[in-house]
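Visitor: My structure is in start26.cif, and what it holds is mmCIF, C-alpha atoms and all ligand atoms:
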```cif
data_upload
#
loop_
_atom_site.label_atom_id
_atom_site.label_comp_id
_atom_site.auth_asym_id
_atom_site.auth_seq_id
_atom_site.Cartn_x
_atom_site.Cartn_y
_atom_site.Cartn_z
CA PRO I 6 0.00 0.00 0.00
CA THR I 7 1.01 3.60 -0.62
CA ALA I 8 1.77 5.73 2.43
CA PRO I 9 -0.37 8.87 2.85
CA GLY I 10 1.08 11.78 0.90
CA GLU I 11 3.06 9.47 -1.37
CA LYS I 12 2.02 9.17 -4.98
CA SER I 13 0.92 5.67 -5.88
CA ALA I 14 2.31 3.95 -8.98
CA LEU I 15 -1.19 4.15 -10.44
CA LEU I 16 -1.37 7.92 -9.99
CA GLN I 17 2.06 8.32 -11.56
CA ALA I 18 0.94 6.20 -14.51
CA ARG I 19 -2.20 8.28 -14.93
CA GLN I 20 -0.22 11.51 -14.96
CA ARG I 21 2.31 10.05 -17.40
CA HIS I 22 -0.46 8.87 -19.75
CA ALA I 23 -3.09 11.58 -19.56
CA GLY I 24 -0.91 14.61 -18.97
CA GLN I 25 -3.05 17.53 -17.89
CA SER I 26 -6.03 16.45 -19.98
CA SER I 27 -8.02 14.70 -17.32
CA VAL I 28 -8.18 16.17 -13.85
CA LEU I 29 -8.75 13.81 -10.92
CA PHE I 30 -10.81 14.53 -7.83
CA TYR I 31 -9.11 15.02 -4.44
CA ALA I 32 -5.54 15.83 -3.42
CA GLU I 33 -5.16 12.11 -2.78
CA PRO I 34 -7.19 10.53 -5.58
CA ILE I 35 -9.11 7.37 -4.84
CA GLU I 36 -8.61 4.10 -6.70
CA MET I 37 -12.04 2.56 -7.16
CA VAL I 38 -12.54 -1.14 -7.72
CA LYS I 39 -16.27 -1.86 -7.44
CA GLY I 40 -19.67 -0.20 -7.56
CA GLU I 41 -23.03 -1.41 -6.26
CA GLY I 42 -26.22 0.60 -5.81
CA VAL I 43 -25.30 3.87 -4.11
CA TRP I 44 -21.90 2.59 -2.93
CA LEU I 45 -18.41 2.54 -4.40
CA THR I 46 -15.59 0.44 -2.98
CA ALA I 47 -11.98 1.60 -3.11
CA ALA I 48 -8.87 -0.55 -3.49
CA ASP I 49 -8.14 -0.28 0.24
CA GLY I 50 -11.53 -1.83 0.98
CA ARG I 51 -13.13 1.43 2.09
CA ARG I 52 -16.75 1.99 1.05
CA TYR I 53 -17.97 5.40 -0.07
CA LEU I 54 -21.56 6.59 -0.20
CA ASP I 55 -22.00 8.13 -3.64
CA VAL I 56 -23.80 11.45 -3.32
CA TYR I 57 -22.31 12.85 -6.50
CA ASN I 58 -22.60 10.64 -9.53
CA ASN I 59 -25.55 10.90 -11.89
CA VAL I 60 -24.31 8.60 -14.66
CA PRO I 61 -25.04 5.41 -12.66
CA SER I 62 -28.48 6.89 -12.18
CA VAL I 63 -30.38 3.65 -11.52
CA GLY I 64 -27.56 2.49 -9.22
CA HIS I 65 -23.98 1.45 -9.86
CA CYS I 66 -23.66 -1.73 -11.91
CA HIS I 67 -27.41 -2.39 -11.80
CA PRO I 68 -27.71 -6.13 -12.52
CA ARG I 69 -30.55 -5.69 -15.04
CA VAL I 70 -28.57 -3.14 -17.06
CA ALA I 71 -25.33 -5.14 -16.85
CA GLU I 72 -27.13 -8.29 -17.93
CA ALA I 73 -28.88 -6.55 -20.85
CA ILE I 74 -25.59 -5.12 -22.11
CA ALA I 75 -23.78 -8.46 -21.81
CA ARG I 76 -26.58 -10.39 -23.51
CA GLN I 77 -26.81 -8.00 -26.45
CA ALA I 78 -23.01 -7.77 -26.79
CA ALA I 79 -22.92 -11.55 -27.05
CA THR I 80 -25.74 -11.64 -29.62
CA LEU I 81 -25.30 -8.78 -32.08
CA THR I 82 -23.34 -5.58 -32.03
CA THR I 83 -22.95 -3.69 -35.27
CA HIS I 84 -22.75 -0.17 -36.59
CA THR I 85 -26.01 1.53 -37.39
CA ARG I 86 -26.56 0.78 -41.08
CA TYR I 87 -28.72 -2.33 -40.58
CA LEU I 88 -32.22 -2.82 -39.27
CA THR I 89 -32.56 -4.19 -35.74
CA LYS I 90 -35.74 -4.49 -33.71
CA ILE I 91 -34.14 -3.60 -30.42
CA VAL I 92 -33.09 -0.15 -31.64
CA GLU I 93 -36.62 0.68 -32.82
CA ASN I 94 -38.07 -0.71 -29.59
CA TYR I 95 -35.83 1.63 -27.68
CA ALA I 96 -36.67 4.65 -29.83
CA GLU I 97 -40.36 3.99 -29.31
CA ARG I 98 -40.06 3.59 -25.55
CA LEU I 99 -37.93 6.71 -25.21
CA LEU I 100 -40.09 8.89 -27.47
CA GLU I 101 -43.19 7.89 -25.48
CA THR I 102 -41.72 9.89 -22.58
CA LEU I 103 -41.46 13.10 -24.64
CA PRO I 104 -44.04 15.54 -26.05
CA ALA I 105 -45.75 14.07 -29.12
CA GLY I 106 -44.35 16.71 -31.49
CA LEU I 107 -40.80 15.65 -30.66
CA SER I 108 -40.96 12.41 -32.58
CA ASN I 109 -37.51 11.98 -34.13
CA LEU I 110 -34.51 10.58 -32.27
CA VAL I 111 -30.87 10.67 -33.36
CA MET I 112 -28.62 8.66 -31.08
CA THR I 113 -25.07 9.69 -30.38
CA CYS I 114 -22.32 8.55 -28.01
CA SER I 115 -21.86 11.57 -25.76
CA GLY I 116 -23.71 14.64 -24.55
CA THR I 117 -21.19 16.76 -26.42
CA GLU I 118 -22.04 15.11 -29.70
CA ALA I 119 -25.74 15.53 -28.98
CA ASN I 120 -25.33 19.26 -28.32
CA ASP I 121 -23.06 19.70 -31.32
CA LEU I 122 -25.73 18.16 -33.53
CA ALA I 123 -28.47 20.20 -31.82
CA MET I 124 -26.54 23.38 -32.60
CA ARG I 125 -26.29 22.40 -36.26
CA ILE I 126 -29.99 21.57 -36.44
CA ALA I 127 -30.84 24.93 -34.86
CA GLU I 128 -28.60 26.81 -37.28
CA ALA I 129 -30.15 25.03 -40.26
CA GLY I 130 -33.67 25.58 -38.96
CA THR I 131 -33.34 29.29 -38.26
CA GLY I 132 -30.58 30.62 -40.50
CA GLY I 133 -29.23 32.22 -37.32
CA ARG I 134 -25.77 31.51 -35.95
CA GLY I 135 -26.07 32.94 -32.47
CA PHE I 136 -26.45 31.04 -29.20
CA ILE I 137 -27.54 32.23 -25.79
CA VAL I 138 -26.22 30.37 -22.74
CA THR I 139 -25.84 30.97 -19.02
CA GLU I 140 -22.59 32.37 -17.68
CA ALA I 141 -21.36 29.17 -15.97
CA ALA I 142 -22.93 26.70 -18.41
CA TYR I 143 -21.29 23.49 -19.52
CA HIS I 144 -22.56 21.76 -22.64
CA GLY I 145 -19.55 19.77 -23.86
CA ASN I 146 -16.08 19.65 -25.30
CA SER I 147 -16.13 19.76 -29.12
CA ALA I 148 -14.85 22.90 -30.84
CA ALA I 149 -18.36 24.26 -31.38
CA VAL I 150 -19.78 23.21 -28.02
CA ASN I 151 -16.79 24.52 -26.09
CA GLU I 152 -17.71 27.95 -27.49
CA ILE I 153 -21.00 27.75 -25.55
CA SER I 154 -19.48 26.23 -22.38
CA PRO I 155 -18.10 29.17 -20.39
CA SER I 156 -17.51 27.06 -17.27
CA ALA I 157 -14.78 25.26 -19.24
CA TRP I 158 -12.98 28.43 -20.29
CA LYS I 159 -9.95 29.62 -18.40
CA SER I 160 -9.35 33.06 -19.85
CA ARG I 161 -11.34 33.11 -23.05
CA ARG I 162 -13.95 35.74 -23.90
CA PRO I 163 -17.19 34.73 -25.61
CA ALA I 164 -16.99 34.49 -29.39
CA ALA I 165 -19.03 36.99 -31.43
CA HIS I 166 -21.93 34.55 -31.90
CA VAL I 167 -22.31 33.74 -28.19
CA ARG I 168 -24.20 35.76 -25.58
CA LEU I 169 -23.94 34.95 -21.88
CA VAL I 170 -26.82 35.59 -19.50
CA PRO I 171 -26.64 35.35 -15.69
CA ALA I 172 -27.89 32.19 -14.02
CA PRO I 173 -31.54 32.53 -12.98
CA LYS I 174 -30.83 33.50 -9.38
CA GLU I 175 -33.52 36.13 -9.32
CA PRO I 176 -36.44 37.25 -11.50
CA GLY I 177 -35.48 38.76 -14.84
CA PHE I 178 -33.98 35.77 -16.62
CA ASP I 179 -36.45 36.27 -19.48
CA ARG I 180 -35.45 39.91 -19.85
CA ALA I 181 -31.76 39.01 -20.01
CA VAL I 182 -32.50 36.38 -22.66
CA ALA I 183 -34.65 38.82 -24.65
CA ALA I 184 -31.88 41.46 -24.59
CA ALA I 185 -29.29 38.89 -25.72
CA ALA I 186 -31.53 37.81 -28.59
CA VAL I 187 -32.06 41.41 -29.71
CA SER I 188 -28.32 42.02 -29.61
CA LEU I 189 -27.62 38.96 -31.79
CA ASN I 190 -30.18 40.16 -34.32
CA GLU I 191 -28.85 43.71 -34.28
CA ALA I 192 -25.34 42.38 -34.92
CA GLY I 193 -26.64 40.57 -38.00
CA ILE I 194 -25.72 37.18 -36.49
CA GLY I 195 -29.26 36.04 -35.90
CA VAL I 196 -30.51 33.75 -33.15
CA ALA I 197 -30.12 30.01 -33.60
CA ALA I 198 -31.11 29.03 -30.07
CA LEU I 199 -31.26 29.51 -26.37
CA ILE I 200 -29.67 26.40 -24.92
CA VAL I 201 -29.89 25.71 -21.21
CA ASP I 202 -29.44 22.82 -18.86
CA SER I 203 -32.98 22.86 -17.52
CA ILE I 204 -31.80 22.57 -13.90
CA PHE I 205 -28.78 24.89 -14.39
CA SER I 206 -26.43 22.45 -12.69
CA SER I 207 -23.03 23.95 -13.47
CA ASP I 208 -24.44 27.40 -12.71
CA GLY I 209 -25.21 26.19 -9.18
CA ILE I 210 -28.64 24.47 -9.51
CA PHE I 211 -31.60 26.80 -10.04
CA PRO I 212 -34.85 24.88 -10.42
CA ASP I 213 -37.33 27.39 -9.02
CA PRO I 214 -39.81 28.84 -9.42
CA ALA I 215 -40.97 26.11 -11.80
CA GLY I 216 -42.18 27.81 -14.96
CA PHE I 217 -39.61 30.63 -15.08
CA LEU I 218 -38.18 29.28 -18.34
CA ALA I 219 -41.43 29.78 -20.25
CA PRO I 220 -41.17 33.56 -20.83
CA ALA I 221 -37.46 33.24 -21.75
CA VAL I 222 -38.34 30.62 -24.36
CA ALA I 223 -41.12 32.87 -25.68
CA ALA I 224 -38.65 35.77 -25.98
CA VAL I 225 -36.17 33.69 -27.94
CA ARG I 226 -38.86 32.40 -30.29
CA ALA I 227 -40.11 35.95 -30.85
CA ALA I 228 -36.57 36.81 -31.98
CA GLY I 229 -36.54 33.90 -34.45
CA GLY I 230 -34.58 31.39 -32.35
CA LEU I 231 -35.26 27.90 -31.03
CA PHE I 232 -35.14 26.44 -27.54
CA ILE I 233 -32.77 23.56 -26.87
CA ALA I 234 -33.29 21.83 -23.52
CA ASP I 235 -30.05 20.15 -22.44
CA GLU I 236 -31.35 17.29 -20.31
CA VAL I 237 -27.96 15.65 -19.80
CA GLN I 238 -28.11 16.48 -16.08
CA PRO I 239 -31.78 16.59 -15.03
CA GLY I 240 -33.12 14.02 -17.49
CA PHE I 241 -34.32 10.49 -16.74
CA GLY I 242 -36.31 11.36 -13.66
CA ARG I 243 -33.75 13.02 -11.41
CA ALA I 244 -35.86 16.11 -10.74
CA GLY I 245 -38.60 13.87 -9.32
CA ALA I 246 -41.30 15.31 -11.59
CA GLY I 247 -41.66 13.26 -14.74
CA MET I 248 -38.74 12.24 -16.90
CA TRP I 249 -37.48 15.65 -18.04
CA GLY I 250 -36.39 18.85 -16.37
CA PHE I 251 -38.16 21.07 -18.90
CA GLY I 252 -41.48 19.49 -17.88
CA ARG I 253 -41.37 21.46 -14.62
CA HIS I 254 -41.36 24.66 -16.66
CA GLY I 255 -44.37 23.87 -18.82
CA VAL I 256 -42.44 24.42 -22.06
CA GLU I 257 -42.06 22.23 -25.12
CA PRO I 258 -38.50 22.50 -26.45
CA ASP I 259 -37.72 22.45 -30.17
CA ILE I 260 -34.78 20.17 -29.46
CA VAL I 261 -33.94 18.03 -26.44
CA THR I 262 -30.48 16.63 -25.81
CA MET I 263 -29.71 13.89 -23.31
CA GLY I 264 -26.84 11.66 -22.22
CA LYS I 265 -25.13 10.72 -18.96
CA PRO I 266 -27.80 8.58 -17.17
CA MET I 267 -29.25 7.27 -20.45
CA GLY I 268 -27.22 4.01 -20.40
CA ASN I 269 -26.32 4.00 -16.69
CA GLY I 270 -22.64 4.05 -17.67
CA PHE I 271 -22.86 2.64 -21.16
CA PRO I 272 -21.81 5.64 -23.29
CA MET I 273 -24.92 6.77 -25.11
CA ALA I 274 -26.69 10.06 -25.74
CA GLY I 275 -29.26 11.50 -28.07
CA VAL I 276 -31.07 14.36 -29.75
CA VAL I 277 -34.85 14.43 -29.94
CA THR I 278 -36.53 16.94 -32.20
CA ARG I 279 -39.39 17.67 -34.55
CA PRO I 280 -39.34 15.90 -37.92
CA ASP I 281 -39.46 19.21 -39.84
CA LEU I 282 -36.31 20.46 -38.12
CA LEU I 283 -34.39 17.23 -38.62
CA ALA I 284 -35.46 16.97 -42.25
CA GLY I 285 -34.37 20.56 -42.92
CA PHE I 286 -30.96 19.84 -41.47
CA CYS I 287 -30.55 16.58 -43.38
CA GLU I 288 -31.32 18.31 -46.68
CA GLU I 289 -28.23 20.43 -46.19
CA THR I 290 -25.90 17.77 -44.89
CA GLY I 291 -25.88 14.04 -44.39
CA TYR I 292 -25.55 12.66 -40.89
CA PHE I 293 -24.07 9.35 -39.87
CA ASN I 294 -22.86 8.06 -36.55
CA THR I 295 -20.98 4.74 -36.40
CA PHE I 296 -21.66 3.88 -32.78
CA GLY I 297 -24.58 6.10 -31.82
CA GLY I 298 -27.71 3.98 -31.53
CA ASN I 299 -26.09 0.58 -31.88
CA PRO I 300 -27.93 -2.49 -30.54
CA VAL I 301 -25.92 -2.66 -27.31
CA ALA I 302 -26.75 0.96 -26.52
CA ALA I 303 -30.40 0.20 -27.18
CA ALA I 304 -30.25 -2.77 -24.78
CA ALA I 305 -28.68 -0.62 -22.07
CA GLY I 306 -31.19 2.18 -22.66
CA LEU I 307 -34.18 -0.17 -22.53
CA ALA I 308 -33.00 -1.70 -19.27
CA VAL I 309 -32.58 1.79 -17.77
CA LEU I 310 -36.15 2.73 -18.72
CA ASP I 311 -37.44 -0.54 -17.28
CA VAL I 312 -35.63 -0.03 -13.98
CA ILE I 313 -36.81 3.59 -13.63
CA ARG I 314 -40.39 2.34 -14.05
CA ASP I 315 -40.21 -0.92 -12.08
CA GLU I 316 -38.33 0.52 -9.10
CA GLY I 317 -40.38 3.72 -8.95
CA LEU I 318 -37.23 5.85 -9.16
CA ILE I 319 -38.96 9.10 -10.14
CA GLU I 320 -41.21 8.85 -7.10
CA ASN I 321 -38.19 7.96 -4.97
CA ALA I 322 -36.30 10.99 -6.28
CA ARG I 323 -39.22 13.21 -5.36
CA GLU I 324 -39.86 11.68 -1.96
CA VAL I 325 -36.28 11.22 -0.72
CA GLY I 326 -35.26 14.49 -2.37
CA THR I 327 -37.84 16.41 -0.34
CA TYR I 328 -36.79 14.65 2.85
CA PHE I 329 -33.14 15.36 2.10
CA ARG I 330 -33.76 19.06 1.37
CA ASP I 331 -35.77 19.46 4.55
CA GLY I 332 -32.89 17.93 6.51
CA LEU I 333 -30.42 20.32 4.90
CA VAL I 334 -32.60 23.32 5.64
CA ASP I 335 -32.87 22.20 9.31
CA LEU I 336 -29.10 21.82 9.56
CA GLY I 337 -28.62 25.22 7.90
CA GLU I 338 -30.49 26.84 10.75
CA ARG I 339 -27.69 25.73 13.07
CA VAL I 340 -24.71 26.33 10.75
CA SER I 341 -23.94 29.91 9.78
CA ALA I 342 -21.72 28.94 6.83
CA MET I 343 -24.66 27.23 5.14
CA GLY I 344 -26.63 29.45 2.80
CA GLU I 345 -29.46 28.70 0.44
CA VAL I 346 -30.64 25.15 -0.28
CA ARG I 347 -32.16 24.72 -3.74
CA GLY I 348 -33.28 21.63 -5.53
CA ALA I 349 -35.77 19.43 -7.28
CA GLY I 350 -35.91 15.71 -6.59
CA LEU I 351 -32.45 14.27 -6.07
CA PHE I 352 -30.66 17.28 -7.51
CA ILE I 353 -29.85 19.66 -4.69
CA GLY I 354 -27.54 22.65 -4.42
CA LEU I 355 -26.30 23.92 -1.06
CA ASP I 356 -24.45 27.25 -0.96
CA PHE I 357 -21.55 27.93 1.36
CA ILE I 358 -21.27 31.55 2.34
CA ASP I 359 -19.23 33.82 4.53
CA PRO I 360 -21.47 34.18 7.60
CA GLU I 361 -20.58 37.85 7.96
CA THR I 362 -20.84 39.12 4.41
CA GLY I 363 -22.95 36.44 2.73
CA ALA I 364 -20.28 36.24 -0.01
CA PRO I 365 -19.69 32.90 -1.76
CA ASN I 366 -17.27 30.71 0.19
CA ALA I 367 -15.54 28.30 -2.16
CA ALA I 368 -12.83 27.45 0.37
CA LYS I 369 -15.46 26.17 2.81
CA ALA I 370 -17.07 24.09 0.06
CA SER I 371 -13.73 22.59 -0.86
CA ARG I 372 -12.80 21.82 2.76
CA THR I 373 -16.20 20.23 3.29
CA ILE I 374 -15.83 18.04 0.20
CA ASN I 375 -12.48 16.75 1.47
CA ALA I 376 -13.71 16.26 5.02
CA LEU I 377 -16.69 14.27 3.75
CA LYS I 378 -14.37 12.08 1.73
CA ASP I 379 -12.61 11.19 4.97
CA LYS I 380 -16.02 10.21 6.35
CA GLY I 381 -16.69 7.93 3.38
CA ILE I 382 -18.84 10.24 1.26
CA LEU I 383 -18.34 11.38 -2.34
CA ILE I 384 -19.62 14.85 -3.20
CA GLY I 385 -18.61 17.78 -5.42
CA ALA I 386 -19.13 21.49 -6.04
CA ALA I 387 -20.64 23.64 -8.77
CA GLY I 388 -21.54 27.22 -9.56
CA LEU I 389 -19.83 30.34 -10.86
CA TYR I 390 -17.92 30.64 -7.56
CA ALA I 391 -17.58 26.88 -6.91
CA ASN I 392 -19.27 27.43 -3.53
CA THR I 393 -22.33 25.27 -4.14
CA LEU I 394 -22.32 21.66 -2.97
CA LYS I 395 -23.73 19.61 -5.84
CA ILE I 396 -25.85 16.84 -4.33
CA ARG I 397 -26.74 14.44 -7.11
CA PRO I 398 -26.71 10.79 -5.99
CA PRO I 399 -27.88 7.70 -7.85
CA LEU I 400 -31.69 7.64 -7.76
CA PRO I 401 -32.16 4.55 -5.49
CA PHE I 402 -30.83 6.80 -2.69
CA SER I 403 -32.78 6.14 0.52
CA ARG I 404 -33.78 8.18 3.58
CA ASP I 405 -31.13 6.24 5.51
CA ASN I 406 -28.53 7.32 2.97
CA ALA I 407 -29.70 10.93 3.36
CA ASP I 408 -29.46 10.61 7.16
CA PHE I 409 -25.93 9.23 6.86
CA PHE I 410 -24.96 12.25 4.77
CA LEU I 411 -26.73 14.76 7.02
CA LYS I 412 -25.04 13.38 10.13
CA ALA I 413 -21.60 13.50 8.52
CA LEU I 414 -22.18 16.99 7.14
CA GLY I 415 -23.39 18.21 10.54
CA GLU I 416 -20.29 16.79 12.26
CA THR I 417 -18.04 18.34 9.64
CA LEU I 418 -19.57 21.78 9.87
CA THR I 419 -20.09 22.03 13.59
CA ASN I 420 -16.62 20.81 14.61
N1 LIG F 501 -24.45 18.99 -21.08
C1 LIG F 501 -24.40 19.05 -19.75
C2 LIG F 501 -25.42 19.86 -19.01
C3 LIG F 501 -23.38 18.38 -19.07
O1 LIG F 501 -23.32 18.45 -17.75
C4 LIG F 501 -22.42 17.64 -19.81
C5 LIG F 501 -21.32 16.85 -19.13
N2 LIG F 501 -20.96 17.25 -17.87
C6 LIG F 501 -22.52 17.61 -21.19
C7 LIG F 501 -23.56 18.29 -21.79
C8 LIG F 501 -21.53 16.90 -22.05
O2 LIG F 501 -21.72 15.53 -22.00
P1 LIG F 501 -20.51 14.53 -22.33
O3 LIG F 501 -19.50 14.67 -21.25
O4 LIG F 501 -21.19 13.19 -22.37
O5 LIG F 501 -19.97 14.92 -23.66
#
```
Write the structure described by the file as C-alpha cells, please.
Guide:
Amino acid sequence: PTAPGEKSALLQARQRHAGQSSVLFYAEPIEMVKGEGVWLTAADGRRYLDVYNNVPSVGHCHPRVAEAIARQAATLTTHTRYLTKIVENYAERLLETLPAGLSNLVMTCSGTEANDLAMRIAEAGTGGRGFIVTEAAYHGNSAAVNEISPSAWKSRRPAAHVRLVPAPKEPGFDRAVAAAAVSLNEAGIGVAALIVDSIFSSDGIFPDPAGFLAPAVAAVRAAGGLFIADEVQPGFGRAGAGMWGFGRHGVEPDIVTMGKPMGNGFPMAGVVTRPDLLAGFCEETGYFNTFGGNPVAAAAGLAVLDVIRDEGLIENAREVGTYFRDGLVDLGERVSAMGEVRGAGLFIGLDFIDPETGAPNAAKASRTINALKDKGILIGAAGLYANTLKIRPPLPFSRDNADFFLKALGETLTN
C-alpha cells in the first residue's frame, strides 16, 4: 500500500499517460474497484456513499442493465446501417416519454455530440448563428460546443456569436435572454437558439420557481430562435417530476439533448426533435454516426427505462429528495456557513457563504468536500464561484442514505 502523501504507482501512470487532460478529484485521488447501488468500494476496501454521480443513475452496476448489455453484446453488435428491432423498440419507448411533437430521435455517443448536432440543427432551422447560454454553463467539449461552455474556459472571452446571461438567481432571466436575442439580431448574427441545462447544474442548480423558463423561451422564439433543452443532467427522472427537467417549466422544447444517465454508464446520448427540423438539417448535410444507436446501446437504454419504471425511481427521487432538502434546511439553521438550499428531486444545491458578508465561500465548500471524503462520502461542487455543494446521488438513494450524509455533514460543519 502507498503511504499517505506518497504518490501511488497508479497515480504516476495516470499523470504520465493523460498529462493535464483529465483532472482527478481530491488531493489524494481514490482508486475505485467496485460499484453497487449507491456505494463505491476503493482498493483499500473502504466503502464510499456516492452522493455525487448521476451517470449510474439507476444504481452502480445495476444487474438488469449489466445483464442486458452483456446479452446483447454476445448476440449482435454492429454499426447503425442495418435494421434491428431492439433499436426501434428503444426509440419507441424513449419517445413515449417526450411531447408528441418531438418524434424523431438521433442517437449519439456523448452529450457533447448531442449538443453539437443540436446546434447544427438549430442553425439550419433558423438561418441564425447565435447562441444564448448561461454564464457558468457546460454543454460539452467539441470545438463548437466549447464555445457555448463558459464554465470550461480559463481566460477566453465569448466568441461573437455567443451571448452569456446570468444564471436565474432572481427574476429577470427572461429579460436578459430577450436582450441577448435582440443584440444577436442587431449584430446581424441572428438567433439560432437559447440552450440551457434545464436545472442549471453547473451554474449552481436553479430549479425554481418552476415555470420561469417559459417567458425566456417565448422571448427567444419571438426573436426567431429555437429552444434547446439540455437534459444531460436533469433528465431520466432526477428532478422527481416526470422524466425531463423542462417538464417542470411547462415548455415544449424544439430540441432536447440527453446523455449521462441514459445508459447507466454505457456511453450513449441522443437528440430528440421535430421531424421538420431534422429533415431541414438533413437536406443540407448528411448525418451518420458509427456507434450512436447501436444495438448494445439500445439494450442498455431499454434496461434503464425498465428499472426507472419498475423501481419507482422518479417517485423515490421526489420523496427522498424532499426529505433530504428538509434535513439540509434544518441543519442550515444551526450552521452559519450554510446558505441557500435549492433543488428538485435528487438534484440539490447547497451554498456555502461567509457568515458575515454572505459572499460565496468556495474554500469552505472545498474543505467540506475533502472532510466528507474522509467520512466515506463522495460529493462535489458547482456554480460560478464553486461554492455550491452539488448533491446528485444515484436515484435509489434512501432516507437512511440521506441521514448518513446529514449526520456526517453536521459533524463536519459544527466541529
Ligand atoms: N451537457 C451538460 C449539461 C453536461 O453536464 C455535460 C457533461 N458534464 C454535457 C452536456 C456533455 O456531455 P458529455 O461529457 O457526455 O460529452
Visitor: Pick out the closest residue to Thr373 (chain I) from this set: I:Leu389, I:Ile204, I:Val237, I:Leu394. Count all atoms listed in the file.
Guide: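 Smallest distance to Thr373 (chain I) is found for I:Leu394.
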Visitor: Mind dumping a table of every chain I residue within 9 Å of ligand LIG 501 (chain F), with the nearest atom pair and its distance in Å to one decimal, using only C-alpha atoms and all ligand atoms, sorted by chain and rising number, as CSV?
Guide:
```
residue,atom,partner,partner_atom,distance
I:Cys114,CA,F:LIG501,O4,7.4
I:Ser115,CA,F:LIG501,O4,3.8
I:Gly116,CA,F:LIG501,O2,3.4
I:Thr117,CA,F:LIG501,O5,3.5
I:Glu118,CA,F:LIG501,O5,6.4
I:Ala119,CA,F:LIG501,O5,7.9
I:Asn120,CA,F:LIG501,C7,6.8
I:Ala142,CA,F:LIG501,C2,7.3
I:Tyr143,CA,F:LIG501,C1,5.4
I:His144,CA,F:LIG501,N1,3.7
I:Gly145,CA,F:LIG501,C8,3.9
I:Asn146,CA,F:LIG501,O5,6.3
I:Ser147,CA,F:LIG501,O5,8.2
I:Val150,CA,F:LIG501,C7,8.8
I:Ser154,CA,F:LIG501,N1,8.9
I:Val201,CA,F:LIG501,C2,7.7
I:Asp202,CA,F:LIG501,C2,5.0
I:Ser203,CA,F:LIG501,C2,8.3
I:Ile204,CA,F:LIG501,C2,8.6
I:Phe205,CA,F:LIG501,C2,7.6
I:Ser206,CA,F:LIG501,C2,6.9
I:Ser207,CA,F:LIG501,O1,7.0
I:Asp235,CA,F:LIG501,C2,5.8
I:Glu236,CA,F:LIG501,C2,6.6
I:Val237,CA,F:LIG501,C1,4.9
I:Gln238,CA,F:LIG501,C2,5.2
I:Pro239,CA,F:LIG501,C2,8.2
I:Thr262,CA,F:LIG501,N1,8.0
I:Met263,CA,F:LIG501,N1,7.7
I:Gly264,CA,F:LIG501,O4,5.9
I:Lys265,CA,F:LIG501,O4,5.8
I:Pro272,CA,F:LIG501,O4,7.6
I:Met273,CA,F:LIG501,O4,7.9
I:Ala274,CA,F:LIG501,O4,7.2
```
Visitor: Around (-31.8, 18.7, -34.4) in the file's frame, which residues reach within 10 Å when counting only C-alpha atoms? Return as a PyMOL selection string?
Guide: chain I and resi 109-111+119-130+233+259-262+275-287
Visitor: Could the residues in this selection be saved with C-alpha atoms as a PDB file, in the coordinates of the input?
Guide:
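Printed below is out.pdb as written:
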```
ATOM      1  CA  ASN I 109     -37.510  11.980 -34.130  1.00  0.00           C
ATOM      2  CA  LEU I 110     -34.510  10.580 -32.270  1.00  0.00           C
ATOM      3  CA  VAL I 111     -30.870  10.670 -33.360  1.00  0.00           C
ATOM      4  CA  ALA I 119     -25.740  15.530 -28.980  1.00  0.00           C
ATOM      5  CA  ASN I 120     -25.330  19.260 -28.320  1.00  0.00           C
ATOM      6  CA  ASP I 121     -23.060  19.700 -31.320  1.00  0.00           C
ATOM      7  CA  LEU I 122     -25.730  18.160 -33.530  1.00  0.00           C
ATOM      8  CA  ALA I 123     -28.470  20.200 -31.820  1.00  0.00           C
ATOM      9  CA  MET I 124     -26.540  23.380 -32.600  1.00  0.00           C
ATOM     10  CA  ARG I 125     -26.290  22.400 -36.260  1.00  0.00           C
ATOM     11  CA  ILE I 126     -29.990  21.570 -36.440  1.00  0.00           C
ATOM     12  CA  ALA I 127     -30.840  24.930 -34.860  1.00  0.00           C
ATOM     13  CA  GLU I 128     -28.600  26.810 -37.280  1.00  0.00           C
ATOM     14  CA  ALA I 129     -30.150  25.030 -40.260  1.00  0.00           C
ATOM     15  CA  GLY I 130     -33.670  25.580 -38.960  1.00  0.00           C
ATOM     16  CA  ILE I 233     -32.770  23.560 -26.870  1.00  0.00           C
ATOM     17  CA  ASP I 259     -37.720  22.450 -30.170  1.00  0.00           C
ATOM     18  CA  ILE I 260     -34.780  20.170 -29.460  1.00  0.00           C
ATOM     19  CA  VAL I 261     -33.940  18.030 -26.440  1.00  0.00           C
ATOM     20  CA  THR I 262     -30.480  16.630 -25.810  1.00  0.00           C
ATOM     21  CA  GLY I 275     -29.260  11.500 -28.070  1.00  0.00           C
ATOM     22  CA  VAL I 276     -31.070  14.360 -29.750  1.00  0.00           C
ATOM     23  CA  VAL I 277     -34.850  14.430 -29.940  1.00  0.00           C
ATOM     24  CA  THR I 278     -36.530  16.940 -32.200  1.00  0.00           C
ATOM     25  CA  ARG I 279     -39.390  17.670 -34.550  1.00  0.00           C
ATOM     26  CA  PRO I 280     -39.340  15.900 -37.920  1.00  0.00           C
ATOM     27  CA  ASP I 281     -39.460  19.210 -39.840  1.00  0.00           C
ATOM     28  CA  LEU I 282     -36.310  20.460 -38.120  1.00  0.00           C
ATOM     29  CA  LEU I 283     -34.390  17.230 -38.620  1.00  0.00           C
ATOM     30  CA  ALA I 284     -35.460  16.970 -42.250  1.00  0.00           C
ATOM     31  CA  GLY I 285     -34.370  20.560 -42.920  1.00  0.00           C
ATOM     32  CA  PHE I 286     -30.960  19.840 -41.470  1.00  0.00           C
ATOM     33  CA  CYS I 287     -30.550  16.580 -43.380  1.00  0.00           C
TER      34      CYS I 287
END
```
Visitor: Quick one: everything within 12 Å of Gly381 (chain I), counting all atoms listed in the file, minus sequence neighbours fewer than 3 positions away in the same chain. Send it as a count of residues only.
Guide: 23
Visitor: Mind giving me the straight-line distance from CA of Glu101 (chain I) to CA of Leu400 (chain I) in Å, one decimal?
Guide: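 The value is 21.1 Å.
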Visitor: CA of Glu175 (chain I) and CA of Gly252 (chain I) are how many Å apart?
Guide: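 Computing it gives 20.3 Å between the two atoms.
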Visitor: Hey, can you check how far CA of Val38 (chain I) sits from CA of Asp379 (chain I)?
Guide: 17.7 Å
Visitor: Could you pull out every residue with an atom within 7 Å of (-26.6, 1.6, -38.7), file coordinates, counting only C-alpha atoms, and send them as an MDAnalysis selection string?
Guide: chainID I and resid 84:87 295 299
